[in-house]
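S.K.: What follows is run-v2.txt, compact mmCIF, C-alpha atoms and all ligand atoms.
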```
# COMPACT_ATOMS: atom_id res chain seq x y z
CA ALA Z 1 33.52 39.01 14.29
CA HIS Z 2 30.06 38.08 15.51
CA GLN Z 3 30.04 36.66 19.02
CA TRP Z 4 27.25 34.14 19.62
CA ARG Z 5 25.06 35.46 22.45
CA GLY Z 6 23.34 32.29 23.65
CA VAL Z 7 20.03 30.89 22.42
CA ILE Z 8 17.74 33.32 24.25
CA ARG Z 9 19.26 36.44 22.72
CA GLU Z 10 19.81 34.83 19.30
CA TYR Z 11 16.19 33.61 19.10
CA ALA Z 12 14.41 36.13 21.37
CA ASP Z 13 11.70 36.61 18.72
CA ARG Z 14 10.60 33.03 19.12
CA LEU Z 15 10.94 32.56 22.87
CA PRO Z 16 8.75 33.67 25.79
CA VAL Z 17 11.05 36.52 26.85
CA ASP Z 18 11.09 40.29 26.43
CA GLU Z 19 13.59 43.14 26.77
CA ASN Z 20 13.11 43.19 30.58
CA THR Z 21 13.98 39.52 31.00
CA GLN Z 22 17.03 38.91 33.18
CA VAL Z 23 18.77 36.29 31.04
CA VAL Z 24 20.81 33.52 32.61
CA THR Z 25 23.20 32.25 29.93
CA LEU Z 26 26.58 30.61 29.55
CA GLY Z 27 26.61 31.22 25.79
CA GLU Z 28 24.95 27.91 24.85
CA GLY Z 29 23.87 26.92 21.32
CA GLY Z 30 25.50 27.85 18.04
CA THR Z 31 26.92 24.33 17.95
CA PRO Z 32 28.58 22.96 14.81
CA LEU Z 33 26.62 21.04 12.18
CA VAL Z 34 29.40 18.76 10.97
CA PHE Z 35 29.32 16.85 7.68
CA ALA Z 36 29.83 13.14 8.33
CA PRO Z 37 31.73 11.66 5.37
CA ALA Z 38 31.68 7.99 6.38
CA LEU Z 39 27.96 7.92 7.25
CA SER Z 40 27.24 9.81 4.05
CA GLN Z 41 29.16 7.25 2.05
CA LEU Z 42 27.45 4.36 3.83
CA THR Z 43 23.95 5.68 3.14
CA GLY Z 44 24.38 7.53 -0.14
CA CYS Z 45 22.89 10.51 1.66
CA GLN Z 46 24.23 13.82 2.97
CA VAL Z 47 24.54 13.14 6.68
CA TYR Z 48 25.30 15.88 9.21
CA LEU Z 49 25.94 15.68 12.94
CA LYS Z 50 24.61 18.39 15.26
CA VAL Z 51 27.42 18.27 17.80
CA GLU Z 52 25.73 19.21 21.06
CA GLY Z 53 28.75 18.22 23.14
CA MET Z 54 30.07 21.66 22.19
CA ASN Z 55 27.66 23.37 24.59
CA PRO Z 56 29.09 24.99 27.76
CA THR Z 57 28.50 21.97 30.02
CA GLY Z 58 28.96 19.44 27.22
CA SER Z 59 25.38 18.52 26.33
CA PHE Z 60 22.21 19.80 24.66
CA LYS Z 61 20.63 20.33 28.09
CA ASP Z 62 22.16 23.82 28.21
CA ARG Z 63 19.72 25.07 25.54
CA GLY Z 64 16.82 24.25 27.82
CA MET Z 65 18.58 25.19 31.03
CA THR Z 66 19.19 28.81 29.98
CA MET Z 67 15.40 29.15 29.60
CA ALA Z 68 14.51 27.17 32.74
CA MET Z 69 16.95 29.10 34.92
CA THR Z 70 15.81 32.40 33.42
CA ALA Z 71 12.23 31.38 34.29
CA ALA Z 72 13.31 30.41 37.82
CA VAL Z 73 14.83 33.86 38.35
CA ALA Z 74 11.72 35.54 36.91
CA ALA Z 75 9.58 33.52 39.35
CA GLY Z 76 11.71 34.72 42.26
CA ALA Z 77 12.92 31.21 43.05
CA LYS Z 78 15.78 30.76 45.51
CA ALA Z 79 16.44 27.09 44.73
CA VAL Z 80 16.00 24.70 41.82
CA VAL Z 81 15.73 20.93 41.67
CA CYS Z 82 16.06 18.29 38.98
CA ALA Z 83 16.18 14.55 38.55
CA SER Z 84 18.90 13.42 36.21
CA THR Z 85 20.86 10.66 34.57
CA GLY Z 86 23.75 13.15 34.72
CA ASN Z 87 23.67 15.77 32.01
CA THR Z 88 20.68 17.72 33.30
CA SER Z 89 22.27 17.84 36.75
CA ALA Z 90 25.58 19.11 35.33
CA SER Z 91 23.76 21.79 33.38
CA ALA Z 92 21.42 22.80 36.21
CA ALA Z 93 24.35 23.06 38.62
CA ALA Z 94 26.29 25.35 36.28
CA TYR Z 95 23.39 27.64 35.36
CA ALA Z 96 22.16 27.84 38.98
CA THR Z 97 25.65 28.96 39.98
CA GLN Z 98 25.57 31.81 37.51
CA ALA Z 99 22.06 32.77 38.60
CA GLY Z 100 23.03 32.68 42.29
CA LEU Z 101 20.48 29.98 43.10
CA LYS Z 102 20.83 26.87 45.20
CA CYS Z 103 20.64 23.66 43.18
CA ALA Z 104 19.56 20.20 44.30
CA VAL Z 105 20.02 17.23 42.00
CA LEU Z 106 18.54 13.76 42.43
CA VAL Z 107 20.45 11.01 40.64
CA PRO Z 108 20.14 7.22 40.46
CA GLU Z 109 22.84 5.81 42.71
CA GLY Z 110 25.74 4.22 40.83
CA LYS Z 111 24.21 4.96 37.42
CA ILE Z 112 25.65 8.31 36.47
CA SER Z 113 28.99 8.75 34.78
CA MET Z 114 31.95 10.14 36.69
CA GLY Z 115 32.36 13.12 34.36
CA LYS Z 116 28.79 14.28 34.93
CA MET Z 117 28.97 13.72 38.68
CA SER Z 118 32.19 15.73 38.85
CA GLN Z 119 30.48 18.67 37.13
CA ALA Z 120 27.60 18.76 39.63
CA ILE Z 121 30.11 18.55 42.49
CA ALA Z 122 32.37 21.24 41.01
CA HIS Z 123 29.46 23.65 40.65
CA GLY Z 124 28.46 23.09 44.26
CA ALA Z 125 25.08 21.38 43.80
CA ASP Z 126 23.48 19.46 46.66
CA ILE Z 127 23.63 15.95 45.25
CA ILE Z 128 21.26 13.27 46.48
CA GLN Z 129 21.84 9.74 45.25
CA ILE Z 130 18.59 7.83 45.26
CA ASP Z 131 18.26 4.08 45.63
CA GLY Z 132 16.18 3.83 42.47
CA ASN Z 133 16.25 4.73 38.79
CA PHE Z 134 15.74 8.04 36.95
CA ASP Z 135 11.97 7.60 36.89
CA ASN Z 136 11.93 7.35 40.70
CA CYS Z 137 14.15 10.45 40.94
CA LEU Z 138 11.81 12.43 38.68
CA ASP Z 139 8.82 11.37 40.75
CA VAL Z 140 10.49 12.69 43.92
CA ALA Z 141 11.68 15.89 42.21
CA ARG Z 142 8.13 16.66 41.03
CA LYS Z 143 6.70 16.07 44.51
CA LEU Z 144 9.43 18.20 46.10
CA SER Z 145 8.63 21.10 43.78
CA GLU Z 146 4.91 20.77 44.57
CA SER Z 147 5.34 20.83 48.35
CA TYR Z 148 8.53 22.79 48.99
CA PRO Z 149 10.01 26.09 47.76
CA VAL Z 150 12.10 24.62 44.94
CA PHE Z 151 11.65 25.27 41.21
CA LEU Z 152 11.63 22.21 38.91
CA VAL Z 153 14.03 22.44 35.94
CA ASN Z 154 13.37 19.07 34.30
CA SER Z 155 11.92 19.03 30.77
CA VAL Z 156 8.40 18.70 32.17
CA ASN Z 157 8.93 22.45 32.63
CA PRO Z 158 7.78 23.96 29.29
CA ALA Z 159 10.62 26.52 29.43
CA ARG Z 160 13.07 23.66 28.84
CA ILE Z 161 11.29 22.61 25.64
CA GLU Z 162 11.22 26.21 24.44
CA GLY Z 163 14.98 26.51 24.84
CA GLN Z 164 15.72 23.15 23.25
CA LYS Z 165 13.62 23.85 20.16
CA THR Z 166 16.41 26.24 19.08
CA GLY Z 167 18.40 23.17 18.02
CA ALA Z 168 15.96 22.75 15.12
CA PHE Z 169 16.18 26.46 14.28
CA GLU Z 170 19.96 26.25 14.02
CA VAL Z 171 19.78 23.23 11.71
CA VAL Z 172 17.41 25.03 9.33
CA ASP Z 173 19.36 28.29 9.53
CA PHE Z 174 22.54 26.43 8.61
CA LEU Z 175 21.17 24.19 5.83
CA GLY Z 176 18.79 26.79 4.41
CA ASP Z 177 15.83 24.42 4.84
CA ALA Z 178 14.77 21.51 7.02
CA PRO Z 179 16.52 18.19 6.35
CA ASP Z 180 14.57 15.18 5.05
CA TYR Z 181 15.20 13.21 8.25
CA HIS Z 182 16.11 14.21 11.79
CA VAL Z 183 17.49 11.38 13.91
CA LEU Z 184 18.18 11.48 17.66
CA PRO Z 185 18.36 9.46 20.89
CA VAL Z 186 15.23 9.29 23.08
CA GLY Z 187 15.31 9.04 26.87
CA ASN Z 188 12.83 11.17 28.79
CA ALA Z 189 11.64 12.32 25.34
CA GLY Z 190 12.02 16.06 25.92
CA ASN Z 191 14.45 16.58 23.07
CA ILE Z 192 12.42 14.89 20.32
CA THR Z 193 9.46 16.95 21.55
CA ALA Z 194 11.51 20.13 21.40
CA TYR Z 195 13.01 19.51 17.94
CA TRP Z 196 9.61 18.70 16.50
CA LYS Z 197 8.16 21.90 18.01
CA GLY Z 198 11.04 23.91 16.56
CA TYR Z 199 10.71 22.39 13.10
CA LYS Z 200 6.95 22.94 13.06
CA GLU Z 201 7.33 26.56 14.13
CA TYR Z 202 9.91 27.25 11.45
CA ALA Z 203 7.73 25.69 8.74
CA ALA Z 204 4.74 27.98 9.42
CA PRO Z 205 4.14 31.72 9.77
CA TYR Z 206 4.79 32.65 13.39
CA THR Z 207 3.31 35.38 15.57
CA ASN Z 208 5.92 36.56 18.06
CA GLN Z 209 5.40 38.11 21.52
CA ALA Z 210 5.19 41.58 19.98
CA GLY Z 211 2.36 40.42 17.71
CA GLN Z 212 4.46 40.56 14.55
CA VAL Z 213 3.87 37.78 12.03
CA LEU Z 214 7.15 36.22 10.91
CA ASP Z 215 7.30 34.34 7.59
CA ALA Z 216 7.84 30.59 7.49
CA VAL Z 217 11.58 29.93 7.41
CA SER Z 218 11.55 26.37 6.04
CA SER Z 219 9.52 24.78 3.25
CA LYS Z 220 8.89 21.52 5.11
CA THR Z 221 9.41 19.54 8.32
CA PRO Z 222 11.62 16.47 8.56
CA ILE Z 223 10.67 12.86 9.24
CA MET Z 224 11.60 12.26 12.89
CA TRP Z 225 13.46 9.08 13.82
CA GLY Z 226 14.02 8.49 17.55
CA PHE Z 227 16.01 5.67 19.13
CA GLN Z 228 15.82 4.22 22.62
CA ALA Z 229 18.23 1.71 24.13
CA ALA Z 230 16.83 -1.81 23.84
CA GLY Z 231 16.87 -2.35 27.61
CA ALA Z 232 15.08 0.95 28.17
CA ALA Z 233 12.62 1.16 25.29
CA PRO Z 234 9.17 1.82 26.79
CA ILE Z 235 7.83 3.74 23.79
CA VAL Z 236 8.85 0.94 21.42
CA LEU Z 237 7.34 -1.70 23.69
CA GLY Z 238 4.20 0.34 24.39
CA HIS Z 239 4.47 0.07 28.16
CA PRO Z 240 6.71 1.44 30.95
CA VAL Z 241 9.86 -0.52 31.80
CA THR Z 242 10.21 -0.86 35.57
CA GLU Z 243 13.89 -1.83 35.54
CA PRO Z 244 15.48 -0.06 32.58
CA ASP Z 245 18.96 -1.30 31.79
CA THR Z 246 21.61 -0.11 29.34
CA ILE Z 247 25.25 0.91 29.36
CA ALA Z 248 24.03 4.20 27.86
CA THR Z 249 23.20 5.62 31.30
CA ALA Z 250 22.07 8.96 29.82
CA ILE Z 251 18.99 7.26 28.36
CA ARG Z 252 18.38 4.64 31.05
CA ILE Z 253 14.73 5.67 31.47
CA GLY Z 254 11.68 3.44 31.75
CA ASN Z 255 8.76 5.87 31.81
CA PRO Z 256 9.49 9.03 29.79
CA ALA Z 257 7.73 12.20 30.91
CA SER Z 258 7.11 13.38 27.32
CA TRP Z 259 5.95 9.99 26.04
CA GLU Z 260 2.81 11.30 24.29
CA GLN Z 261 4.63 14.23 22.72
CA ALA Z 262 7.28 11.86 21.37
CA GLU Z 263 4.58 9.70 19.81
CA ALA Z 264 3.02 12.82 18.31
CA ALA Z 265 6.37 13.83 16.79
CA ARG Z 266 6.72 10.33 15.35
CA ASP Z 267 3.19 10.13 13.97
CA GLU Z 268 2.80 13.69 12.69
CA SER Z 269 6.15 13.47 10.89
CA GLY Z 270 5.58 9.98 9.48
CA GLY Z 271 8.62 8.82 11.45
CA LEU Z 272 9.47 6.04 13.86
CA ILE Z 273 10.73 5.32 17.35
CA ASP Z 274 12.79 2.15 17.49
CA SER Z 275 15.38 0.58 19.75
CA VAL Z 276 19.09 -0.19 19.38
CA THR Z 277 21.08 -2.68 21.44
CA ASP Z 278 24.02 -1.74 23.63
CA GLU Z 279 26.30 -3.47 21.08
CA GLU Z 280 24.85 -1.32 18.30
CA ILE Z 281 25.26 1.79 20.47
CA LEU Z 282 28.91 1.00 21.22
CA ALA Z 283 29.60 0.23 17.56
CA ALA Z 284 28.12 3.61 16.59
CA HIS Z 285 30.13 5.28 19.37
CA ARG Z 286 33.30 3.77 17.87
CA TRP Z 287 32.21 4.70 14.34
CA LEU Z 288 31.79 8.34 15.34
CA SER Z 289 35.18 8.49 17.06
CA ALA Z 290 37.19 6.50 14.56
CA ARG Z 291 35.52 7.43 11.27
CA GLU Z 292 33.96 10.87 11.68
CA GLY Z 293 36.31 12.47 14.22
CA VAL Z 294 33.50 13.20 16.67
CA PHE Z 295 33.79 11.95 20.26
CA VAL Z 296 30.46 11.47 22.03
CA GLU Z 297 29.20 9.64 25.10
CA PRO Z 298 27.55 6.26 24.39
CA GLY Z 299 23.91 7.41 24.77
CA SER Z 300 24.60 10.15 22.25
CA ALA Z 301 25.41 7.54 19.63
CA ALA Z 302 21.95 5.94 19.74
CA GLY Z 303 20.74 8.01 16.78
CA VAL Z 304 23.72 6.98 14.67
CA ALA Z 305 23.20 3.36 15.73
CA GLY Z 306 19.60 3.64 14.58
CA LEU Z 307 20.54 5.08 11.21
CA ILE Z 308 23.10 2.31 10.63
CA LYS Z 309 20.54 -0.33 11.65
CA HIS Z 310 17.87 1.02 9.31
CA GLN Z 311 20.35 1.48 6.47
CA ALA Z 312 21.25 -2.21 6.77
CA ALA Z 313 17.53 -3.05 6.69
CA GLY Z 314 17.11 -1.09 3.47
CA ASN Z 315 14.95 1.61 5.02
CA VAL Z 316 17.12 4.63 4.16
CA PRO Z 317 16.51 6.01 0.65
CA THR Z 318 19.59 7.47 -1.02
CA GLY Z 319 20.01 11.14 -1.86
CA LYS Z 320 18.41 12.46 1.34
CA LYS Z 321 19.63 15.11 3.75
CA ILE Z 322 19.86 13.60 7.22
CA VAL Z 323 20.72 15.40 10.48
CA ILE Z 324 21.60 13.39 13.57
CA THR Z 325 21.82 15.08 16.95
CA VAL Z 326 24.74 13.73 18.93
CA THR Z 327 23.69 14.90 22.34
CA GLY Z 328 26.68 14.87 24.71
CA HIS Z 329 30.47 15.02 24.75
CA GLY Z 330 32.69 11.94 24.83
CA LEU Z 331 34.60 13.25 27.84
CA LYS Z 332 31.43 12.90 29.93
CA ASP Z 333 31.92 9.14 30.04
CA PRO Z 334 35.35 8.41 28.54
CA ASN Z 335 35.87 4.89 29.83
CA TRP Z 336 34.11 3.27 26.88
CA ALA Z 337 36.85 4.50 24.55
CA LEU Z 338 39.43 2.66 26.67
CA GLN Z 339 37.80 -0.71 25.94
CA ASN Z 340 38.27 -2.85 22.87
CA PRO Z 341 35.13 -4.32 21.29
CA ASP Z 342 35.92 -7.63 23.05
CA GLY Z 343 35.90 -5.88 26.44
CA SER Z 344 39.67 -5.96 26.98
CA THR Z 345 41.46 -2.75 27.97
CA VAL Z 346 43.22 -0.70 25.31
CA GLU Z 347 46.94 -0.65 26.12
CA PRO Z 348 48.95 1.98 24.25
CA THR Z 349 52.36 0.66 23.17
CA LYS Z 350 55.29 1.38 25.51
CA VAL Z 351 58.86 1.62 24.22
CA GLY Z 352 62.17 3.10 25.37
CA PHE Z 353 63.40 6.65 24.92
CA ASP Z 354 64.79 6.06 21.45
CA VAL Z 355 63.80 7.31 18.02
CA VAL Z 356 64.48 4.01 16.26
CA GLU Z 357 62.38 2.07 18.75
CA VAL Z 358 59.54 4.57 18.36
CA ALA Z 359 59.79 4.46 14.57
CA THR Z 360 59.74 0.65 14.67
CA ALA Z 361 56.73 0.61 16.98
CA LEU Z 362 54.95 2.95 14.55
CA GLY Z 363 55.80 0.70 11.61
CA LEU Z 364 57.81 3.46 9.95
CA SER Z 365 60.87 1.32 9.23
N1 LIG Z 401 21.43 12.04 25.18
C1 LIG Z 401 22.00 12.43 26.32
C2 LIG Z 401 23.47 12.59 26.35
C3 LIG Z 401 21.19 12.69 27.46
O1 LIG Z 401 21.78 13.08 28.58
C4 LIG Z 401 19.81 12.51 27.37
C5 LIG Z 401 18.94 12.75 28.51
C6 LIG Z 401 19.27 12.10 26.14
C7 LIG Z 401 20.11 11.88 25.07
C8 LIG Z 401 17.82 11.90 25.93
O2 LIG Z 401 17.16 13.11 25.82
O3 LIG Z 401 15.61 12.82 27.72
O4 LIG Z 401 15.27 14.62 26.05
O5 LIG Z 401 14.89 12.24 25.44
N2 LIG Z 401 19.38 12.99 29.67
C9 LIG Z 401 18.56 13.38 30.83
C10 LIG Z 401 19.43 13.83 31.97
C11 LIG Z 401 17.51 12.43 31.18
O6 LIG Z 401 19.01 13.72 33.13
O7 LIG Z 401 20.52 14.31 31.73
P1 LIG Z 401 15.62 13.21 26.28
```
Give the structure from the file, written as structure tokens.

M.R.:
Amino acid sequence: AHQWRGVIREYADRLPVDENTQVVTLGEGGTPLVFAPALSQLTGCQVYLKVEGMNPTGSFKDRGMTMAMTAAVAAGAKAVVCASTGNTSASAAAYATQAGLKCAVLVPEGKISMGKMSQAIAHGADIIQIDGNFDNCLDVARKLSESYPVFLVNSVNPARIEGQKTGAFEVVDFLGDAPDYHVLPVGNAGNITAYWKGYKEYAAPYTNQAGQVLDAVSSKTPIMWGFQAAGAAPIVLGHPVTEPDTIATAIRIGNPASWEQAEAARDESGGLIDSVTDEEILAAHRWLSAREGVFVEPGSAAGVAGLIKHQAAGNVPTGKKIVITVTGHGLKDPNWALQNPDGSTVEPTKVGFDVVEVATALGLS
């Protein structure tokens, strides 16, 4: 059987690498595109979920990190740095370990989930908690990389965008063409930038590194719909948010680095960038777990929350093919599943060691 070789080797033709490149990979990409029956029924569309939690460190960041870490090695770097709301730091820590590089991660104190923090610790990163938000962390990380011998692996590094554009390639390769809509969460706005780049490349003839012209793979590009959390929605508001706030810590960002590129993806595709409330995010998180069988972290559900919101507003035509990227695994931040919608703690039933009692508790008798 074919063994997936990671996004660099699978898509070498379309990435800035050659046969001499020393590839750093944990086998990322090749994630499932899962049909979502309940969302499809709700919308009268064919809705698919690109389940990025299935990547090696549990988020889409791995697609970009294989490229960024490969670039770091090619540049002769000894250490890498990133700012992160958690997933980038988990990914950087893992890929730096394989590459034999030191890894420093700057995270907003108290605002990253325990699962993500545990990954960075397990992989031996130097973790600095900063008394500030993600935007402050990114500012420091950029300055560090300008003045000290550390290589920046945030998505402001173009290698990250190159790697992440493979998500769009996989969608088209699986469906046979681009979908009508692509929906995803927006935080620092690297991923919407990357998907749009990937879709555009696949819809046009492409000249690869070797100078060969590859045919267009898809007949069209999708309409891009991005969703920010309402308390951290600078692109929707049209100005930076100095104190971003949302339970979806992954996308708690007030001044996205790829702001202009996200607007370009929106405008060139005839799409939109809108916001969803924390309540809408948690409802979508529950919908995915309880109705589609897909467990994601809250921030990852922002795209689904956006689709549900716009369906209710009558903005989703029926009969369309819709792909939603769900960006990170539910085990990253599992506590939300242990809460009822009213905030009370879920308490599984306890009974004695007796088959009749268990059957009764299950309502079987
Ligand atoms: N979903 C998850 C689970 C994320 O971790 C992020 C970003 C996003 C969505 C938004 O993607 O930034 O490309 O618009 N997480 C970054 C991090 C900021 O540090 O892990 P984006």

S.K.: Within 7 Å of ligand LIG 401 (chain Z), counting only C-alpha atoms and all ligand atoms: which residues, as a count of residues only?

M.R.: 23

S.K.: Rounded to one decimal place, report the CA of Ala264 (chain Z)-CA of Pro244 (chain Z) distance in Å.

M.R.: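 Straight-line distance from CA of Ala264 (chain Z) to CA of Pro244 (chain Z) works out to 22.9 Å.
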
S.K.: Measuring atom to atom with all atoms listed in the file, identify which of Z:Ala168, Z:Ala178, Z:Ala120, Z:Ile161 is nearest to Gly30 (chain Z).

M.R.: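 Nearest candidate to Gly30 (chain Z) out of Z:Ala168, Z:Ala178, Z:Ala120, Z:Ile161: Z:Ala168.
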
S.K.: Give one line per residue of region 88-138 of chain Z that approaches region 217-233 of chain Z to at most 12 Å, naming the two atoms of the closest pair and their distance in Å to one decimal, counting all atoms listed in the file; sort by chain then ascending residue number and deliver it as JSON lines.

M.R.:
```
{"residue": "Z:Asn133", "atom": "CA", "partner": "Z:Ala232", "partner_atom": "CA", "distance": 11.3}
{"residue": "Z:Phe134", "atom": "CA", "partner": "Z:Ala232", "partner_atom": "CA", "distance": 11.3}
{"residue": "Z:Asp135", "atom": "CA", "partner": "Z:Ala232", "partner_atom": "CA", "distance": 11.4}
```

S.K.: Write the residues you've just listed into a file as a compact mmCIF listing (two decimals), in the frame of the given file, and include C-alpha atoms for each of them.

M.R.:
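Once everything was written out, this is out26.txt:
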```txt
# COMPACT_ATOMS: atom_id res chain seq x y z
CA ASN Z 133 16.25 4.73 38.79
CA PHE Z 134 15.74 8.04 36.95
CA ASP Z 135 11.97 7.60 36.89
```

S.K.: Name the closest residue to Gly176 (chain Z) among the candidates Z:Ala301, Z:Trp259, Z:Val51, Z:Lys321; distances are taken between atoms, counting only C-alpha atoms.

M.R.: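 Of the candidates, the smallest distance to Gly176 (chain Z) is held by Z:Lys321.
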